[in-house]
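Participant: Structure file data-v4.cif, mmCIF, C-alpha atoms, is pasted below:
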```
data_structure
#
loop_
_atom_site.label_atom_id
_atom_site.label_comp_id
_atom_site.auth_asym_id
_atom_site.auth_seq_id
_atom_site.Cartn_x
_atom_site.Cartn_y
_atom_site.Cartn_z
CA MET A 1 85.12 3.45 65.63
CA LYS A 2 82.47 0.82 65.22
CA ASP A 3 85.02 -1.86 66.04
CA THR A 4 85.65 -0.36 69.50
CA HIS A 5 82.07 0.23 70.61
CA GLN A 6 82.46 -2.47 73.25
CA PHE A 7 85.23 -0.59 75.09
CA PRO A 8 84.03 1.29 78.18
CA LYS A 9 84.14 5.08 78.11
CA THR A 10 83.83 5.80 81.82
CA GLN A 11 86.84 7.04 83.74
CA PRO A 12 87.85 4.97 86.78
CA TYR A 13 88.71 8.09 88.80
CA ILE A 14 86.90 9.94 91.57
CA GLU A 15 86.73 13.53 90.32
CA THR A 16 83.20 14.94 90.31
CA GLU A 17 81.94 17.52 87.84
CA GLN A 18 81.72 20.16 90.58
CA TYR A 19 85.31 19.49 91.58
CA LEU A 20 86.47 19.87 87.98
CA ASP A 21 84.54 23.11 87.49
CA GLN A 22 86.18 24.56 90.59
CA LEU A 23 89.60 23.33 89.51
CA ILE A 24 89.20 24.87 86.06
CA ALA A 25 87.94 28.19 87.43
CA SER A 26 90.78 28.55 89.92
CA ALA A 27 93.42 27.47 87.37
CA THR A 28 92.01 30.05 84.97
CA GLU A 29 92.27 32.89 87.46
CA ARG A 30 95.75 31.81 88.50
CA ALA A 31 96.87 31.82 84.87
CA ILE A 32 95.49 35.32 84.29
CA HIS A 33 97.08 36.74 87.42
CA GLN A 34 100.30 34.71 87.22
CA PRO A 35 103.34 36.94 86.71
CA LYS A 36 103.87 36.40 83.01
CA THR A 37 107.40 35.04 83.07
CA ALA A 38 107.93 33.59 86.54
CA GLN A 39 106.82 29.98 86.16
CA HIS A 40 107.90 29.66 82.56
CA THR A 41 111.27 31.16 83.37
CA ALA A 42 111.77 28.62 86.14
CA HIS A 43 110.88 25.76 83.82
CA ARG A 44 113.08 27.03 81.04
CA ARG A 45 115.92 27.47 83.51
CA LEU A 46 115.56 23.86 84.63
CA HIS A 47 115.56 22.74 81.01
CA ARG A 48 118.70 24.71 80.28
CA ILE A 49 120.45 23.30 83.33
CA ALA A 50 119.50 19.76 82.37
CA TRP A 51 120.75 20.19 78.82
CA ALA A 52 123.94 21.92 79.97
CA ALA A 53 124.61 19.02 82.36
CA ALA A 54 124.03 16.50 79.57
CA ALA A 55 126.35 18.42 77.25
CA ALA A 56 129.02 18.60 79.97
CA ILE A 57 128.82 14.84 80.55
CA ILE A 58 129.13 14.16 76.83
CA LEU A 59 132.11 16.51 76.56
CA LEU A 60 133.77 14.86 79.56
CA ILE A 61 133.34 11.41 78.03
CA ALA A 62 134.57 12.64 74.65
CA GLY A 63 137.57 14.34 76.28
CA TRP A 64 138.44 11.24 78.25
CA GLY A 65 138.20 9.13 75.10
CA TRP A 66 140.33 11.66 73.19
CA HIS A 67 142.95 11.54 75.92
CA ARG A 68 142.98 7.73 75.95
CA LEU A 69 143.29 7.43 72.16
CA GLY A 70 145.84 10.25 72.00
CA SER A 71 145.46 13.59 70.25
CA PRO A 72 146.81 14.03 66.66
CA SER A 73 149.51 16.37 68.01
CA ASP A 74 150.97 13.61 70.22
CA PRO A 75 153.95 11.87 68.63
CA PRO A 76 153.47 8.19 67.67
CA ALA A 77 154.02 5.66 70.48
CA GLU A 78 157.27 4.34 68.95
CA GLN A 79 158.79 7.86 69.06
CA ILE A 80 157.82 8.22 72.71
CA VAL A 81 159.45 4.87 73.55
CA GLN A 82 162.50 5.82 71.55
CA SER A 83 162.89 9.18 73.30
CA VAL A 84 162.65 7.48 76.72
CA SER A 85 165.14 4.82 75.74
CA THR A 86 167.71 7.38 74.61
CA GLN A 87 167.79 9.01 78.04
CA GLN A 88 171.07 7.96 79.66
CA GLY A 89 171.20 7.65 83.42
CA PRO A 90 174.24 6.85 85.59
CA LEU A 91 173.38 3.13 85.62
CA ASP A 92 173.21 3.08 81.83
CA THR A 93 176.55 4.86 81.61
CA PHE A 94 178.12 2.28 83.94
CA LEU A 95 176.62 -0.66 82.09
CA ASP A 96 177.69 0.75 78.73
CA GLY A 97 181.21 0.77 80.06
CA ILE A 98 181.22 -3.03 80.51
CA SER A 99 182.25 -5.05 77.50
CA ASP A 100 180.36 -8.18 76.51
CA GLU A 101 183.31 -10.33 77.46
CA GLU A 102 183.53 -8.83 80.90
CA ALA A 103 179.75 -9.06 81.37
CA ALA A 104 179.88 -12.80 80.82
CA HIS A 105 182.03 -13.15 83.96
CA ILE A 106 180.39 -10.65 86.28
CA ASP A 107 178.67 -12.05 89.29
CA CYS A 108 176.12 -9.39 90.22
CA TYR A 109 176.56 -10.00 93.90
CA LYS A 110 180.20 -9.05 93.68
CA VAL A 111 179.64 -5.74 91.91
CA ASP A 112 179.56 -3.18 94.67
CA ASN A 113 180.47 0.08 93.00
CA ILE A 114 177.36 0.70 90.95
CA PRO A 115 176.67 4.41 91.23
CA GLN A 116 173.45 5.48 92.87
CA TYR A 117 170.79 6.47 90.44
CA MET B 1 76.42 40.66 77.09
CA THR B 2 75.67 37.10 76.00
CA PRO B 3 78.76 34.87 76.47
CA PRO B 4 80.16 33.56 73.20
CA ASP B 5 79.32 29.97 72.44
CA THR B 6 81.45 29.46 69.36
CA ASP B 7 85.19 29.46 68.83
CA ILE B 8 84.79 32.36 66.41
CA GLN B 9 83.35 34.52 69.14
CA ILE B 10 85.89 33.31 71.68
CA LEU B 11 88.73 34.14 69.31
CA ALA B 12 87.32 37.59 68.67
CA GLN B 13 87.24 38.23 72.41
CA LEU B 14 90.78 36.90 72.86
CA ARG B 15 92.08 39.21 70.15
CA ASP B 16 90.59 42.30 71.81
CA PRO B 17 92.60 43.38 74.89
CA ALA B 18 89.43 44.76 76.47
CA THR B 19 87.71 41.37 76.39
CA ARG B 20 90.70 39.07 76.48
CA GLU B 21 90.23 37.90 80.06
CA GLN B 22 86.57 37.15 79.49
CA GLY B 23 87.40 35.29 76.29
CA PHE B 24 90.01 33.23 78.14
CA ARG B 25 87.53 32.35 80.89
CA THR B 26 85.05 31.20 78.27
CA LEU B 27 87.74 29.20 76.49
CA THR B 28 88.78 27.33 79.63
CA LYS B 29 85.17 26.74 80.61
CA ARG B 30 84.48 25.36 77.14
CA TYR B 31 87.54 23.11 76.87
CA GLY B 32 88.72 22.76 80.45
CA ARG B 33 87.17 19.40 81.24
CA ARG B 34 88.24 17.86 77.96
CA LEU B 35 91.77 19.14 78.44
CA TYR B 36 91.84 17.86 82.02
CA TRP B 37 90.75 14.36 81.08
CA HIS B 38 93.08 14.30 78.11
CA ILE B 39 95.98 15.16 80.43
CA ARG B 40 94.82 12.76 83.14
CA ARG B 41 94.71 9.88 80.69
CA ILE B 42 98.35 10.59 79.80
CA VAL B 43 99.83 11.26 83.24
CA VAL B 44 97.39 9.12 85.31
CA SER B 45 98.24 10.83 88.61
CA HIS B 46 95.66 13.33 89.82
CA ASP B 47 98.26 15.73 91.25
CA ASN B 48 100.25 15.68 88.03
CA ALA B 49 97.10 16.24 86.00
CA GLU B 50 96.27 19.32 88.08
CA ASP B 51 99.76 20.71 87.64
CA ALA B 52 99.78 20.05 83.91
CA LEU B 53 96.36 21.65 83.51
CA GLN B 54 97.60 24.75 85.33
CA GLU B 55 100.67 24.86 83.09
CA THR B 56 98.42 24.44 80.07
CA PHE B 57 96.28 27.40 81.03
CA ILE B 58 99.36 29.50 81.74
CA GLY B 59 100.78 28.45 78.38
CA ILE B 60 97.60 29.38 76.55
CA TRP B 61 97.24 32.72 78.33
CA SER B 62 100.92 33.61 77.89
CA HIS B 63 100.96 32.81 74.19
CA LEU B 64 97.65 34.25 73.05
CA ASP B 65 99.55 36.90 71.08
CA HIS B 66 101.43 34.14 69.23
CA PHE B 67 98.31 32.32 68.09
CA ARG B 68 97.89 33.11 64.42
CA GLY B 69 95.31 30.50 63.48
CA ASP B 70 91.63 30.88 62.84
CA ALA B 71 88.82 29.84 65.16
CA GLY B 72 88.91 26.30 63.76
CA ALA B 73 92.48 25.88 65.00
CA LEU B 74 91.80 27.07 68.53
CA GLN B 75 90.83 23.68 69.93
CA ALA B 76 93.81 21.91 68.34
CA TRP B 77 96.13 24.60 69.68
CA ALA B 78 94.81 24.16 73.22
CA TYR B 79 95.09 20.39 72.97
CA ARG B 80 98.63 20.69 71.62
CA ILE B 81 99.71 22.75 74.62
CA ALA B 82 97.97 20.32 76.98
CA THR B 83 99.66 17.33 75.34
CA ARG B 84 103.04 18.98 75.58
CA GLU B 85 102.57 19.80 79.27
CA ALA B 86 101.42 16.26 80.01
CA LEU B 87 104.46 14.81 78.23
CA GLN B 88 106.68 17.20 80.20
CA VAL B 89 105.28 15.72 83.38
CA LEU B 90 106.18 12.23 82.19
CA ARG B 91 109.66 13.33 81.11
CA ARG B 92 110.35 14.71 84.57
CA GLN B 93 109.79 11.19 85.91
CA THR B 94 112.45 9.68 83.66
CA HIS B 95 116.23 9.61 83.91
CA LEU B 96 118.49 11.01 81.23
CA LEU B 97 118.22 8.88 78.06
CA GLN B 98 115.27 6.92 79.50
CA SER B 99 112.16 6.83 77.31
CA ILE B 100 108.80 7.86 78.72
CA ASP B 101 107.43 4.61 77.26
CA SER B 102 109.31 2.83 80.04
CA LEU B 103 106.97 4.40 82.61
CA SER B 104 104.20 1.93 81.85
CA GLU B 105 104.57 -0.03 85.12
CA THR B 106 104.86 3.13 87.22
CA LEU B 107 101.72 4.54 85.64
CA ALA B 108 99.89 1.23 86.14
CA GLU B 109 100.70 1.40 89.87
CA LYS B 110 99.38 4.96 90.01
CA LEU B 111 96.23 3.90 88.20
CA GLU B 112 95.65 1.14 90.72
CA ALA B 113 96.29 3.54 93.64
CA GLU B 114 93.99 6.25 92.33
CA THR B 115 91.13 4.17 91.01
CA SER B 116 87.85 4.84 92.71
CA LEU B 117 86.54 2.01 94.89
CA ASN B 118 83.28 2.31 93.00
CA ALA B 119 84.95 2.19 89.60
CA ASP B 120 83.71 -0.26 87.07
CA ARG B 121 86.19 -3.14 86.98
CA ALA B 122 85.94 -3.35 83.19
CA ALA B 123 86.81 0.34 82.89
CA THR B 124 89.83 -0.13 85.14
CA THR B 125 91.06 -3.13 83.16
CA PHE B 126 90.56 -1.15 79.98
CA HIS B 127 92.67 1.72 81.33
CA HIS B 128 95.37 -0.77 82.28
CA ALA B 129 95.28 -1.97 78.68
CA LEU B 130 95.79 1.60 77.49
CA LEU B 131 98.91 1.91 79.63
CA LYS B 132 100.45 -1.02 77.75
CA LEU B 133 100.46 1.05 74.56
CA SER B 134 103.34 3.27 73.57
CA THR B 135 102.79 6.89 74.61
CA GLN B 136 102.13 7.96 71.05
CA GLN B 137 99.62 5.18 70.42
CA ARG B 138 97.92 5.97 73.70
CA ILE B 139 97.58 9.67 72.91
CA VAL B 140 96.21 8.95 69.44
CA PHE B 141 93.80 6.35 70.77
CA ASN B 142 92.58 8.66 73.54
CA LEU B 143 91.99 11.58 71.19
CA ARG B 144 90.12 9.39 68.75
CA TYR B 145 88.15 7.25 71.14
CA PHE B 146 87.44 9.43 74.16
CA ASP B 147 87.56 12.89 72.61
CA GLU B 148 86.04 11.68 69.34
CA LEU B 149 88.27 13.94 67.26
CA THR B 150 88.73 13.37 63.55
CA TYR B 151 92.05 12.12 62.27
CA GLN B 152 92.66 15.54 60.73
CA GLN B 153 92.10 17.23 64.09
CA ILE B 154 94.45 14.74 65.76
CA ALA B 155 96.99 15.43 63.00
CA ASP B 156 96.75 19.15 63.81
CA ILE B 157 97.43 18.37 67.47
CA THR B 158 100.22 15.84 67.11
CA GLY B 159 101.85 16.96 63.89
CA LYS B 160 101.68 13.38 62.54
CA SER B 161 100.21 12.42 59.21
CA VAL B 162 96.69 11.02 59.02
CA CYS B 163 98.10 7.74 57.68
CA THR B 164 100.42 7.36 60.67
CA LEU B 165 97.56 8.12 63.02
CA LYS B 166 95.30 5.54 61.43
CA THR B 167 98.07 2.96 61.76
CA ASN B 168 98.65 3.95 65.40
CA TYR B 169 94.96 3.63 66.13
CA HIS B 170 94.64 0.31 64.38
CA TYR B 171 97.54 -1.26 66.28
CA ALA B 172 96.34 0.28 69.51
CA THR B 173 92.91 -1.34 69.21
CA GLN B 174 94.49 -4.69 68.37
CA ARG B 175 96.71 -4.57 71.44
CA ILE B 176 93.86 -3.44 73.68
CA ARG B 177 91.65 -6.24 72.42
CA GLN B 178 94.38 -8.78 73.06
CA TYR B 179 95.01 -7.44 76.56
CA LEU B 180 91.33 -7.58 77.45
CA LYS B 181 91.13 -11.11 76.11
CA ASP B 182 94.16 -12.17 78.18
CA HIS B 183 92.73 -10.56 81.32
CA ALA B 184 89.09 -11.51 80.90
CA THR B 185 87.47 -12.58 84.20
#
```
Kindly return the structure encoded in the file as structure tokens.
Facilitator:
Amino acid sequence: MKDTHQFPKTQPYIETEQYLDQLIASATERAIHQPKTAQHTAHRRLHRIAWAAAAAIILLIAGWGWHRLGSPSDPPAEQIVQSVSTQQGPLDTFLDGISDEEAAHIDCYKVDNIPQY
Amino acid sequence: MTPPDTDIQILAQLRDPATREQGFRTLTKRYGRRLYWHIRRIVVSHDNAEDALQETFIGIWSHLDHFRGDAGALQAWAYRIATREALQVLRRQTHLLQSIDSLSETLAEKLEAETSLNADRAATTFHHALLKLSTQQRIVFNLRYFDELTYQQIADITGKSVCTLKTNYHYATQRIRQYLKDHAT
């Protein structure tokens, strides 16, 4: 430590020796007469709550990410699109009934019997 | 009965249920001030230091049955509990995922607020320099410089190797020296 001998060793605080002796004595008695588990239980409970909250947040984020990326049991996107596109509504049925030749001459404004869908 | 003045005698009293309370009182009287200042140098705030000291004494008293070391390990054990309680105080001031090393500015403000008007300006500047260190470097430096513990004793407290501690101390003194040079009046 000979290279640090020039550093000051005094504390810049106001506590006197008498104050510290009193503080130590009262803290000692409080520790002896403290119910053994009360304060430590409270601290441990807080710790557990904090860690449970952190774990819940991580699980939420992981779950959200899992949902966004899609779970392995979900079918591939192309299959989903294909299944939607094979659903036939009334409009599709009507349009399927028009031939390409006819469609070339249809003016949409004149078509007035399109079934409601 | 003459009060014990060595850790061997204190430990003997602590191990005997009939004299446990007396042994504990002697232990806290023997190490109380050192533990207080060690904590204060970590947490800076007076109120926090008081709380951490109380928690330290409760921790020591509650876990006396778990202490399996010999008399030579008693001091390190007490310091270890005190260090842990002081670090707990700092952790409570941080947000989730925030490091306690990021509290340097907050602690510097507390130091300025709680410095005695009669304090030596050099001592205050020096303590500001200490707050620029990482928490680990600061603890190692404090234990070595203020408490004058050996590297082996500090290793017993912190669980770090002697080599790591020597490196910490070396870098800490370099940074302190640079800070004092930059802030010389």
Participant: Using the chain letters and numbers from the file, give me the residues hit by the PyMOL selection byres ((chain A) within 8 of (chain B)), as a PDB file with C-alpha atoms, in the coordinates of the input.
Facilitator:
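Output file result.pdb is given in full below:
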```
ATOM      1  CA  MET A   1      85.120   3.450  65.630  1.00  0.00           C
ATOM      2  CA  THR A   4      85.650  -0.360  69.500  1.00  0.00           C
ATOM      3  CA  PHE A   7      85.230  -0.590  75.090  1.00  0.00           C
ATOM      4  CA  PRO A   8      84.030   1.290  78.180  1.00  0.00           C
ATOM      5  CA  LYS A   9      84.140   5.080  78.110  1.00  0.00           C
ATOM      6  CA  THR A  10      83.830   5.800  81.820  1.00  0.00           C
ATOM      7  CA  GLN A  11      86.840   7.040  83.740  1.00  0.00           C
ATOM      8  CA  PRO A  12      87.850   4.970  86.780  1.00  0.00           C
ATOM      9  CA  TYR A  13      88.710   8.090  88.800  1.00  0.00           C
ATOM     10  CA  ILE A  14      86.900   9.940  91.570  1.00  0.00           C
ATOM     11  CA  LEU A  20      86.470  19.870  87.980  1.00  0.00           C
ATOM     12  CA  ASP A  21      84.540  23.110  87.490  1.00  0.00           C
ATOM     13  CA  LEU A  23      89.600  23.330  89.510  1.00  0.00           C
ATOM     14  CA  ILE A  24      89.200  24.870  86.060  1.00  0.00           C
ATOM     15  CA  ALA A  25      87.940  28.190  87.430  1.00  0.00           C
ATOM     16  CA  ALA A  27      93.420  27.470  87.370  1.00  0.00           C
ATOM     17  CA  THR A  28      92.010  30.050  84.970  1.00  0.00           C
ATOM     18  CA  ARG A  30      95.750  31.810  88.500  1.00  0.00           C
ATOM     19  CA  ALA A  31      96.870  31.820  84.870  1.00  0.00           C
ATOM     20  CA  ILE A  32      95.490  35.320  84.290  1.00  0.00           C
ATOM     21  CA  GLN A  34     100.300  34.710  87.220  1.00  0.00           C
ATOM     22  CA  LYS A  36     103.870  36.400  83.010  1.00  0.00           C
ATOM     23  CA  ALA A  54     124.030  16.500  79.570  1.00  0.00           C
TER      24      ALA A  54
END
```
Participant: For atom CA of B:His66 and atom CA of B:Arg15, quote the distance in Å rounded to one decimal.
Facilitator: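 Distance between the two atoms: 10.7 Å.
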Participant: Could you tell me how far atom CA of A:Arg48 lies from atom CA of B:Ala76, in Å and to one decimal?
Facilitator: 27.7 Å
Participant: Which is closer to B:Ala71 than all the others in B:Ile139, B:Thr167, B:Asp7, B:Ala129, using all atoms listed in the file?
Facilitator: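 Ranking B:Ile139, B:Thr167, B:Asp7, B:Ala129 by distance to B:Ala71, first place goes to B:Asp7.
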Participant: Quick one: of B:Ile39, B:Arg175, B:Phe141, B:His128, who's nearest to B:Ala82, counting all atoms listed in the file?
Facilitator: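 Comparing B:Ile39, B:Arg175, B:Phe141, B:His128 against B:Ala82, the winner is B:Ile39.
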